[in-house]
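J.: This is the content of input-v5.cif (mmCIF, C-alpha atoms, pLDDT in the B column; chains and numbers go by the auth columns):
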data_upload
#
loop_
_atom_site.group_PDB
_atom_site.id
_atom_site.type_symbol
_atom_site.label_atom_id
_atom_site.label_comp_id
_atom_site.label_asym_id
_atom_site.label_seq_id
_atom_site.Cartn_x
_atom_site.Cartn_y
_atom_site.Cartn_z
_atom_site.B_iso_or_equiv
_atom_site.auth_seq_id
_atom_site.auth_asym_id
ATOM 1 C CA MET A 1 97.337 104.814 95.925 91.00 1 A
ATOM 2 C CA LEU A 2 96.569 107.156 98.807 90.00 2 A
ATOM 3 C CA ALA A 3 100.099 108.545 98.614 92.00 3 A
ATOM 4 C CA ALA A 4 99.777 109.053 94.844 91.00 4 A
ATOM 5 C CA GLN A 5 96.480 110.863 95.366 90.00 5 A
ATOM 6 C CA VAL A 6 97.997 113.225 97.940 90.00 6 A
ATOM 7 C CA LEU A 7 101.206 113.858 95.980 92.00 7 A
ATOM 8 C CA ASN A 8 99.434 114.459 92.649 87.00 8 A
ATOM 9 C CA ASP A 9 96.873 116.809 94.222 85.00 9 A
ATOM 10 C CA ASN A 10 94.843 117.092 91.007 86.00 10 A
ATOM 11 C CA ASN A 11 91.439 115.599 91.958 86.00 11 A
ATOM 12 C CA LEU A 12 91.693 112.928 89.255 88.00 12 A
ATOM 13 C CA PRO A 13 91.005 109.252 89.973 91.00 13 A
ATOM 14 C CA VAL A 14 93.948 106.997 90.761 92.00 14 A
ATOM 15 C CA TYR A 15 93.990 103.582 89.093 92.00 15 A
ATOM 16 C CA GLY A 16 95.837 100.555 90.354 93.00 16 A
ATOM 17 C CA CYS A 17 96.156 96.824 90.085 95.00 17 A
ATOM 18 C CA TYR A 18 97.537 94.052 92.212 96.00 18 A
ATOM 19 C CA ILE A 19 98.484 90.558 91.171 96.00 19 A
ATOM 20 C CA VAL A 20 98.623 87.483 93.381 96.00 20 A
ATOM 21 C CA GLY A 21 99.758 84.423 91.476 95.00 21 A
ATOM 22 C CA ARG A 22 97.412 84.169 88.500 94.00 22 A
ATOM 23 C CA MET A 23 94.786 86.504 89.948 96.00 23 A
ATOM 24 C CA TRP A 24 94.542 90.153 88.845 96.00 24 A
ATOM 25 C CA VAL A 25 92.429 92.755 90.687 97.00 25 A
ATOM 26 C CA PHE A 26 91.942 96.330 89.449 96.00 26 A
ATOM 27 C CA ILE A 27 91.245 99.247 91.806 96.00 27 A
ATOM 28 C CA THR A 28 90.049 102.831 91.365 95.00 28 A
ATOM 29 C CA LEU A 29 90.392 105.502 94.054 95.00 29 A
ATOM 30 C CA GLU A 30 88.337 108.665 93.620 93.00 30 A
ATOM 31 C CA ASP A 31 88.215 111.195 96.449 91.00 31 A
ATOM 32 C CA LYS A 32 87.860 109.013 99.542 89.00 32 A
ATOM 33 C CA LYS A 33 85.930 106.240 97.782 95.00 33 A
ATOM 34 C CA TYR A 34 87.438 103.178 96.221 94.00 34 A
ATOM 35 C CA ALA A 35 86.146 100.337 94.081 97.00 35 A
ATOM 36 C CA PHE A 36 87.791 97.107 93.112 95.00 36 A
ATOM 37 C CA SER A 37 87.017 94.594 90.401 95.00 37 A
ATOM 38 C CA ASN A 38 86.286 90.946 90.755 95.00 38 A
ATOM 39 C CA ALA A 39 89.413 88.841 90.406 95.00 39 A
ATOM 40 C CA PHE A 40 90.468 87.968 86.874 95.00 40 A
ATOM 41 C CA ILE A 41 92.207 84.594 86.526 93.00 41 A
ATOM 42 C CA VAL A 42 94.873 84.376 83.837 92.00 42 A
ATOM 43 C CA ASP A 43 94.276 80.656 83.189 87.00 43 A
ATOM 44 C CA ASN A 44 90.941 81.143 81.436 84.00 44 A
ATOM 45 C CA ASP A 45 89.303 83.631 79.083 90.00 45 A
ATOM 46 C CA ASP A 46 89.766 86.377 81.708 92.00 46 A
ATOM 47 C CA ILE A 47 93.078 87.117 79.994 93.00 47 A
ATOM 48 C CA PHE A 48 91.109 88.910 77.278 94.00 48 A
ATOM 49 C CA ASP A 49 89.364 91.065 79.914 94.00 49 A
ATOM 50 C CA ILE A 50 92.731 91.895 81.492 95.00 50 A
ATOM 51 C CA TYR A 51 94.034 92.982 78.076 95.00 51 A
ATOM 52 C CA ARG A 52 90.915 95.105 77.468 95.00 52 A
ATOM 53 C CA ILE A 53 91.280 96.826 80.865 95.00 53 A
ATOM 54 C CA LEU A 54 94.997 97.514 80.367 95.00 54 A
ATOM 55 C CA LYS A 55 94.298 98.918 76.897 96.00 55 A
ATOM 56 C CA SER A 56 91.625 101.204 78.370 94.00 56 A
ATOM 57 C CA LEU A 57 94.028 102.385 81.090 92.00 57 A
ATOM 58 C CA LYS A 58 96.609 103.163 78.408 93.00 58 A
ATOM 59 C CA TRP A 59 94.023 105.308 76.598 93.00 59 A
ATOM 60 C CA HIS A 60 93.187 107.202 79.828 88.00 60 A
ATOM 61 C CA ILE A 61 96.882 107.841 80.502 87.00 61 A
ATOM 62 C CA GLU A 62 97.395 109.135 76.960 91.00 62 A
ATOM 63 C CA GLN A 63 94.420 111.491 77.377 90.00 63 A
ATOM 64 C CA ARG A 64 95.889 112.893 80.603 84.00 64 A
ATOM 65 C CA ILE A 65 99.252 113.443 78.937 84.00 65 A
ATOM 66 C CA ASN A 66 97.635 115.271 76.017 84.00 66 A
ATOM 67 C CA ILE A 67 95.682 117.540 78.389 68.00 67 A
ATOM 68 C CA THR A 68 98.758 118.713 80.309 56.00 68 A
#
Mind turning the file's structure into structure tokens?
T.:
Amino acid sequence: MLAAQVLNDNNLPVYGCYIVGRMWVFITLEDKKYAFSNAFIVDNDDIFDIYRILKSLKWHIEQRINIT
């Protein structure tokens, strides 16, 4: 994410996610500050939260594409 931030050089937040087994964690990097979500476990109702987050990220990506 740090490399993406440097290479993009546009002062926009960088979003990421990592998955370990059934656990999903979402991360945001803005300037030199980062935040990460609690772990979402695919085995329970968290799957609906994961879907909601991915859908929101898709919307943000589409907005960036429409701006440029």
J.: Using all atoms listed in the file, determine which residues lie at most 12 Å from Asp9 (chain A), disregarding the query and same-chain residues fewer than 5 positions distant; provide the list as a compact mmCIF listing (two decimals) with C-alpha atoms, keeping the file's coordinate frame.
T.:
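Written output follows (result-v4.txt):
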# COMPACT_ATOMS: atom_id res chain seq x y z
CA LEU A 2 96.57 107.16 98.81
CA ALA A 3 100.10 108.54 98.61
CA ALA A 4 99.78 109.05 94.84
CA VAL A 14 93.95 107.00 90.76
CA GLU A 30 88.34 108.66 93.62
CA ASP A 31 88.22 111.20 96.45
J.: Just the number, please: distance in Å from CA of Leu29 (chain A) to CA of Val42 (chain A), one decimal.
T.: 23.9 Å
J.: Of the residues A:Ile61, A:Ala39, A:Met1, A:Val6, which is the one nearest to Val25 (chain A), using only C-alpha atoms?
T.: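 The shortest atom-to-atom distance to Val25 (chain A) comes from A:Ala39.
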J.: Tell me, as a PDB file with C-alpha atoms, in the frame of the given file, which residues lie within 10 Å of Asp43 (chain A), counting only C-alpha atoms; anything in the same chain fewer than 3 positions away does not count.
T.:
ATOM      1  CA  ARG A  22      97.412  84.169  88.500  1.00 94.00           C
ATOM      2  CA  MET A  23      94.786  86.504  89.948  1.00 96.00           C
ATOM      3  CA  PHE A  40      90.468  87.968  86.874  1.00 95.00           C
ATOM      4  CA  ASP A  46      89.766  86.377  81.708  1.00 92.00           C
ATOM      5  CA  ILE A  47      93.078  87.117  79.994  1.00 93.00           C
TER       6      ILE A  47
END
J.: Select, from A:Ile65, A:Asn8, A:Trp24, A:Arg52, the residue with the minimum atom-to-atom distance to Phe36 (chain A), counting all atoms listed in the file.
T.: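 That would be A:Trp24, the residue with the smallest distance to Phe36 (chain A).
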J.: Mind giving me the straight-line distance from CA of Asn11 (chain A) to CA of Asp49 (chain A) in Å, one decimal?
T.: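 Separation of CA of Asn11 (chain A) and CA of Asp49 (chain A): 27.4 Å.
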J.: By how many Å are CA of Phe48 (chain A) and CA of Tyr34 (chain A) apart?
T.: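 Computed distance, CA of Phe48 (chain A) to CA of Tyr34 (chain A), equals 24.0 Å.
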J.: When you count all atoms listed in the file, which of these residues is closest to Lys58 (chain A): A:Ile27, A:Lys32, A:Gly21, A:Tyr15?
T.: A:Tyr15
J.: Enclose all atoms of region 48-65 of chain A listed in the file in an axis-aligned box, grow every side by 8 Å, and hand back centre and edge lengths in Å to one decimal, as lines of an AutoDock Vina configuration file.
T.:
center_x = 94.3
center_y = 101.2
center_z = 79.0
size_x = 25.9
size_y = 40.5
size_z = 20.9
J.: Restricting the calculation to only C-alpha atoms, which member of A:Cys17, A:Trp59, A:Gln5, A:Asn10 is positioned closest to Ala35 (chain A)?
T.: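 Closest residue, counting only C-alpha atoms: A:Cys17.
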J.: Keeping N, CA and C atoms (and nothing else), can you write region 8-57 of chain A of this structure as an mmCIF file, in the first residue's frame?
T.:
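This went into decode-v7.cif:
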data_model
loop_
_atom_site.group_PDB
_atom_site.id
_atom_site.type_symbol
_atom_site.label_atom_id
_atom_site.label_comp_id
_atom_site.auth_asym_id
_atom_site.auth_seq_id
_atom_site.Cartn_x
_atom_site.Cartn_y
_atom_site.Cartn_z
ATOM 1 N N ASN A 8 1.278 6.372 -7.102
ATOM 2 C CA ASN A 8 0.108 7.119 -7.580
ATOM 3 C C ASN A 8 0.287 8.615 -7.402
ATOM 4 N N ASP A 9 0.893 9.029 -6.313
ATOM 5 C CA ASP A 9 1.213 10.436 -6.052
ATOM 6 C C ASP A 9 0.020 11.359 -6.318
ATOM 7 N N ASN A 10 -1.154 11.005 -5.744
ATOM 8 C CA ASN A 10 -2.336 11.829 -5.983
ATOM 9 C C ASN A 10 -3.059 12.237 -4.692
ATOM 10 N N ASN A 11 -2.474 11.966 -3.555
ATOM 11 C CA ASN A 11 -3.023 12.356 -2.245
ATOM 12 C C ASN A 11 -4.397 11.768 -1.946
ATOM 13 N N LEU A 12 -4.777 10.704 -2.620
ATOM 14 C CA LEU A 12 -6.031 10.021 -2.321
ATOM 15 C C LEU A 12 -5.754 8.833 -1.401
ATOM 16 N N PRO A 13 -6.725 8.424 -0.603
ATOM 17 C CA PRO A 13 -6.515 7.261 0.258
ATOM 18 C C PRO A 13 -6.290 5.998 -0.567
ATOM 19 N N VAL A 14 -5.556 5.069 0.009
ATOM 20 C CA VAL A 14 -5.324 3.768 -0.610
ATOM 21 C C VAL A 14 -6.075 2.741 0.236
ATOM 22 N N TYR A 15 -6.865 1.906 -0.427
ATOM 23 C CA TYR A 15 -7.650 0.893 0.270
ATOM 24 C C TYR A 15 -7.061 -0.477 -0.007
ATOM 25 N N GLY A 16 -7.118 -1.339 0.987
ATOM 26 C CA GLY A 16 -6.601 -2.680 0.814
ATOM 27 C C GLY A 16 -7.344 -3.672 1.681
ATOM 28 N N CYS A 17 -7.008 -4.922 1.476
ATOM 29 C CA CYS A 17 -7.641 -6.001 2.223
ATOM 30 C C CYS A 17 -6.662 -7.163 2.261
ATOM 31 N N TYR A 18 -6.645 -7.880 3.372
ATOM 32 C CA TYR A 18 -5.908 -9.130 3.373
ATOM 33 C C TYR A 18 -6.793 -10.220 3.956
ATOM 34 N N ILE A 19 -6.545 -11.424 3.482
ATOM 35 C CA ILE A 19 -7.371 -12.567 3.858
ATOM 36 C C ILE A 19 -6.450 -13.654 4.387
ATOM 37 N N VAL A 20 -6.780 -14.159 5.564
ATOM 38 C CA VAL A 20 -6.069 -15.293 6.146
ATOM 39 C C VAL A 20 -7.120 -16.344 6.468
ATOM 40 N N GLY A 21 -7.124 -17.418 5.712
ATOM 41 C CA GLY A 21 -8.142 -18.444 5.914
ATOM 42 C C GLY A 21 -9.518 -17.872 5.664
ATOM 43 N N ARG A 22 -10.346 -17.861 6.704
ATOM 44 C CA ARG A 22 -11.715 -17.343 6.582
ATOM 45 C C ARG A 22 -11.847 -15.938 7.138
ATOM 46 N N MET A 23 -10.744 -15.323 7.486
ATOM 47 C CA MET A 23 -10.750 -14.001 8.115
ATOM 48 C C MET A 23 -10.368 -12.927 7.092
ATOM 49 N N TRP A 24 -11.188 -11.898 6.985
ATOM 50 C CA TRP A 24 -10.947 -10.759 6.106
ATOM 51 C C TRP A 24 -10.698 -9.523 6.959
ATOM 52 N N VAL A 25 -9.676 -8.736 6.599
ATOM 53 C CA VAL A 25 -9.383 -7.474 7.283
ATOM 54 C C VAL A 25 -9.203 -6.400 6.213
ATOM 55 N N PHE A 26 -9.878 -5.271 6.390
ATOM 56 C CA PHE A 26 -9.804 -4.162 5.439
ATOM 57 C C PHE A 26 -8.943 -3.054 6.030
ATOM 58 N N ILE A 27 -8.162 -2.389 5.160
ATOM 59 C CA ILE A 27 -7.203 -1.375 5.593
ATOM 60 C C ILE A 27 -7.368 -0.130 4.730
ATOM 61 N N THR A 28 -7.176 1.029 5.344
ATOM 62 C CA THR A 28 -7.148 2.304 4.630
ATOM 63 C C THR A 28 -5.869 3.029 5.010
ATOM 64 N N LEU A 29 -5.155 3.534 4.014
ATOM 65 C CA LEU A 29 -3.944 4.322 4.239
ATOM 66 C C LEU A 29 -4.189 5.716 3.684
ATOM 67 N N GLU A 30 -4.090 6.713 4.549
ATOM 68 C CA GLU A 30 -4.283 8.102 4.141
ATOM 69 C C GLU A 30 -3.143 8.916 4.725
ATOM 70 N N ASP A 31 -2.388 9.570 3.846
ATOM 71 C CA ASP A 31 -1.150 10.244 4.235
ATOM 72 C C ASP A 31 -0.246 9.221 4.917
ATOM 73 N N LYS A 32 0.146 9.474 6.141
ATOM 74 C CA LYS A 32 0.997 8.517 6.855
ATOM 75 C C LYS A 32 0.232 7.789 7.957
ATOM 76 N N LYS A 33 -1.097 7.888 7.910
ATOM 77 C CA LYS A 33 -1.943 7.237 8.913
ATOM 78 C C LYS A 33 -2.692 6.071 8.272
ATOM 79 N N TYR A 34 -2.819 5.009 9.035
ATOM 80 C CA TYR A 34 -3.575 3.879 8.539
ATOM 81 C C TYR A 34 -4.597 3.438 9.583
ATOM 82 N N ALA A 35 -5.625 2.775 9.106
ATOM 83 C CA ALA A 35 -6.653 2.211 9.976
ATOM 84 C C ALA A 35 -7.025 0.850 9.411
ATOM 85 N N PHE A 36 -7.309 -0.070 10.300
ATOM 86 C CA PHE A 36 -7.743 -1.377 9.827
ATOM 87 C C PHE A 36 -8.994 -1.803 10.579
ATOM 88 N N SER A 37 -9.801 -2.593 9.906
ATOM 89 C CA SER A 37 -11.078 -3.030 10.466
ATOM 90 C C SER A 37 -10.858 -4.187 11.424
ATOM 91 N N ASN A 38 -11.886 -4.469 12.188
ATOM 92 C CA ASN A 38 -11.899 -5.736 12.910
ATOM 93 C C ASN A 38 -11.971 -6.850 11.881
ATOM 94 N N ALA A 39 -11.591 -8.040 12.269
ATOM 95 C CA ALA A 39 -11.639 -9.174 11.347
ATOM 96 C C ALA A 39 -13.083 -9.586 11.093
ATOM 97 N N PHE A 40 -13.378 -9.864 9.835
ATOM 98 C CA PHE A 40 -14.681 -10.395 9.450
ATOM 99 C C PHE A 40 -14.495 -11.878 9.138
ATOM 100 N N ILE A 41 -15.314 -12.725 9.742
ATOM 101 C CA ILE A 41 -15.211 -14.168 9.560
ATOM 102 C C ILE A 41 -16.293 -14.615 8.571
ATOM 103 N N VAL A 42 -15.862 -15.330 7.546
ATOM 104 C CA VAL A 42 -16.770 -15.711 6.466
ATOM 105 C C VAL A 42 -17.825 -16.719 6.931
ATOM 106 N N ASP A 43 -17.553 -17.467 7.976
ATOM 107 C CA ASP A 43 -18.469 -18.527 8.416
ATOM 108 C C ASP A 43 -19.786 -18.030 9.000
ATOM 109 N N ASN A 44 -19.860 -16.772 9.387
ATOM 110 C CA ASN A 44 -21.099 -16.300 10.015
ATOM 111 C C ASN A 44 -21.693 -15.148 9.203
ATOM 112 N N ASP A 45 -22.522 -14.363 9.817
ATOM 113 C CA ASP A 45 -23.195 -13.269 9.102
ATOM 114 C C ASP A 45 -22.243 -12.168 8.647
ATOM 115 N N ASP A 46 -20.967 -12.240 9.019
ATOM 116 C CA ASP A 46 -19.989 -11.251 8.555
ATOM 117 C C ASP A 46 -19.889 -11.220 7.035
ATOM 118 N N ILE A 47 -20.285 -12.307 6.380
ATOM 119 C CA ILE A 47 -20.208 -12.349 4.921
ATOM 120 C C ILE A 47 -21.013 -11.209 4.302
ATOM 121 N N PHE A 48 -22.103 -10.824 4.950
ATOM 122 C CA PHE A 48 -22.917 -9.723 4.440
ATOM 123 C C PHE A 48 -22.197 -8.386 4.607
ATOM 124 N N ASP A 49 -21.424 -8.240 5.690
ATOM 125 C CA ASP A 49 -20.614 -7.030 5.882
ATOM 126 C C ASP A 49 -19.493 -6.964 4.853
ATOM 127 N N ILE A 50 -18.873 -8.106 4.576
ATOM 128 C CA ILE A 50 -17.811 -8.155 3.560
ATOM 129 C C ILE A 50 -18.381 -7.716 2.213
ATOM 130 N N TYR A 51 -19.542 -8.232 1.853
ATOM 131 C CA TYR A 51 -20.186 -7.852 0.590
ATOM 132 C C TYR A 51 -20.466 -6.352 0.557
ATOM 133 N N ARG A 52 -20.990 -5.811 1.653
ATOM 134 C CA ARG A 52 -21.306 -4.381 1.733
ATOM 135 C C ARG A 52 -20.045 -3.540 1.546
ATOM 136 N N ILE A 53 -18.942 -3.943 2.185
ATOM 137 C CA ILE A 53 -17.685 -3.196 2.076
ATOM 138 C C ILE A 53 -17.152 -3.262 0.647
ATOM 139 N N LEU A 54 -17.158 -4.448 0.046
ATOM 140 C CA LEU A 54 -16.675 -4.581 -1.330
ATOM 141 C C LEU A 54 -17.531 -3.766 -2.299
ATOM 142 N N LYS A 55 -18.829 -3.744 -2.075
ATOM 143 C CA LYS A 55 -19.719 -2.942 -2.928
ATOM 144 C C LYS A 55 -19.408 -1.457 -2.778
ATOM 145 N N SER A 56 -19.124 -1.017 -1.565
ATOM 146 C CA SER A 56 -18.760 0.381 -1.324
ATOM 147 C C SER A 56 -17.430 0.719 -2.000
ATOM 148 N N LEU A 57 -16.464 -0.189 -1.920
ATOM 149 C CA LEU A 57 -15.174 0.040 -2.586
ATOM 150 C C LEU A 57 -15.357 0.148 -4.095
#
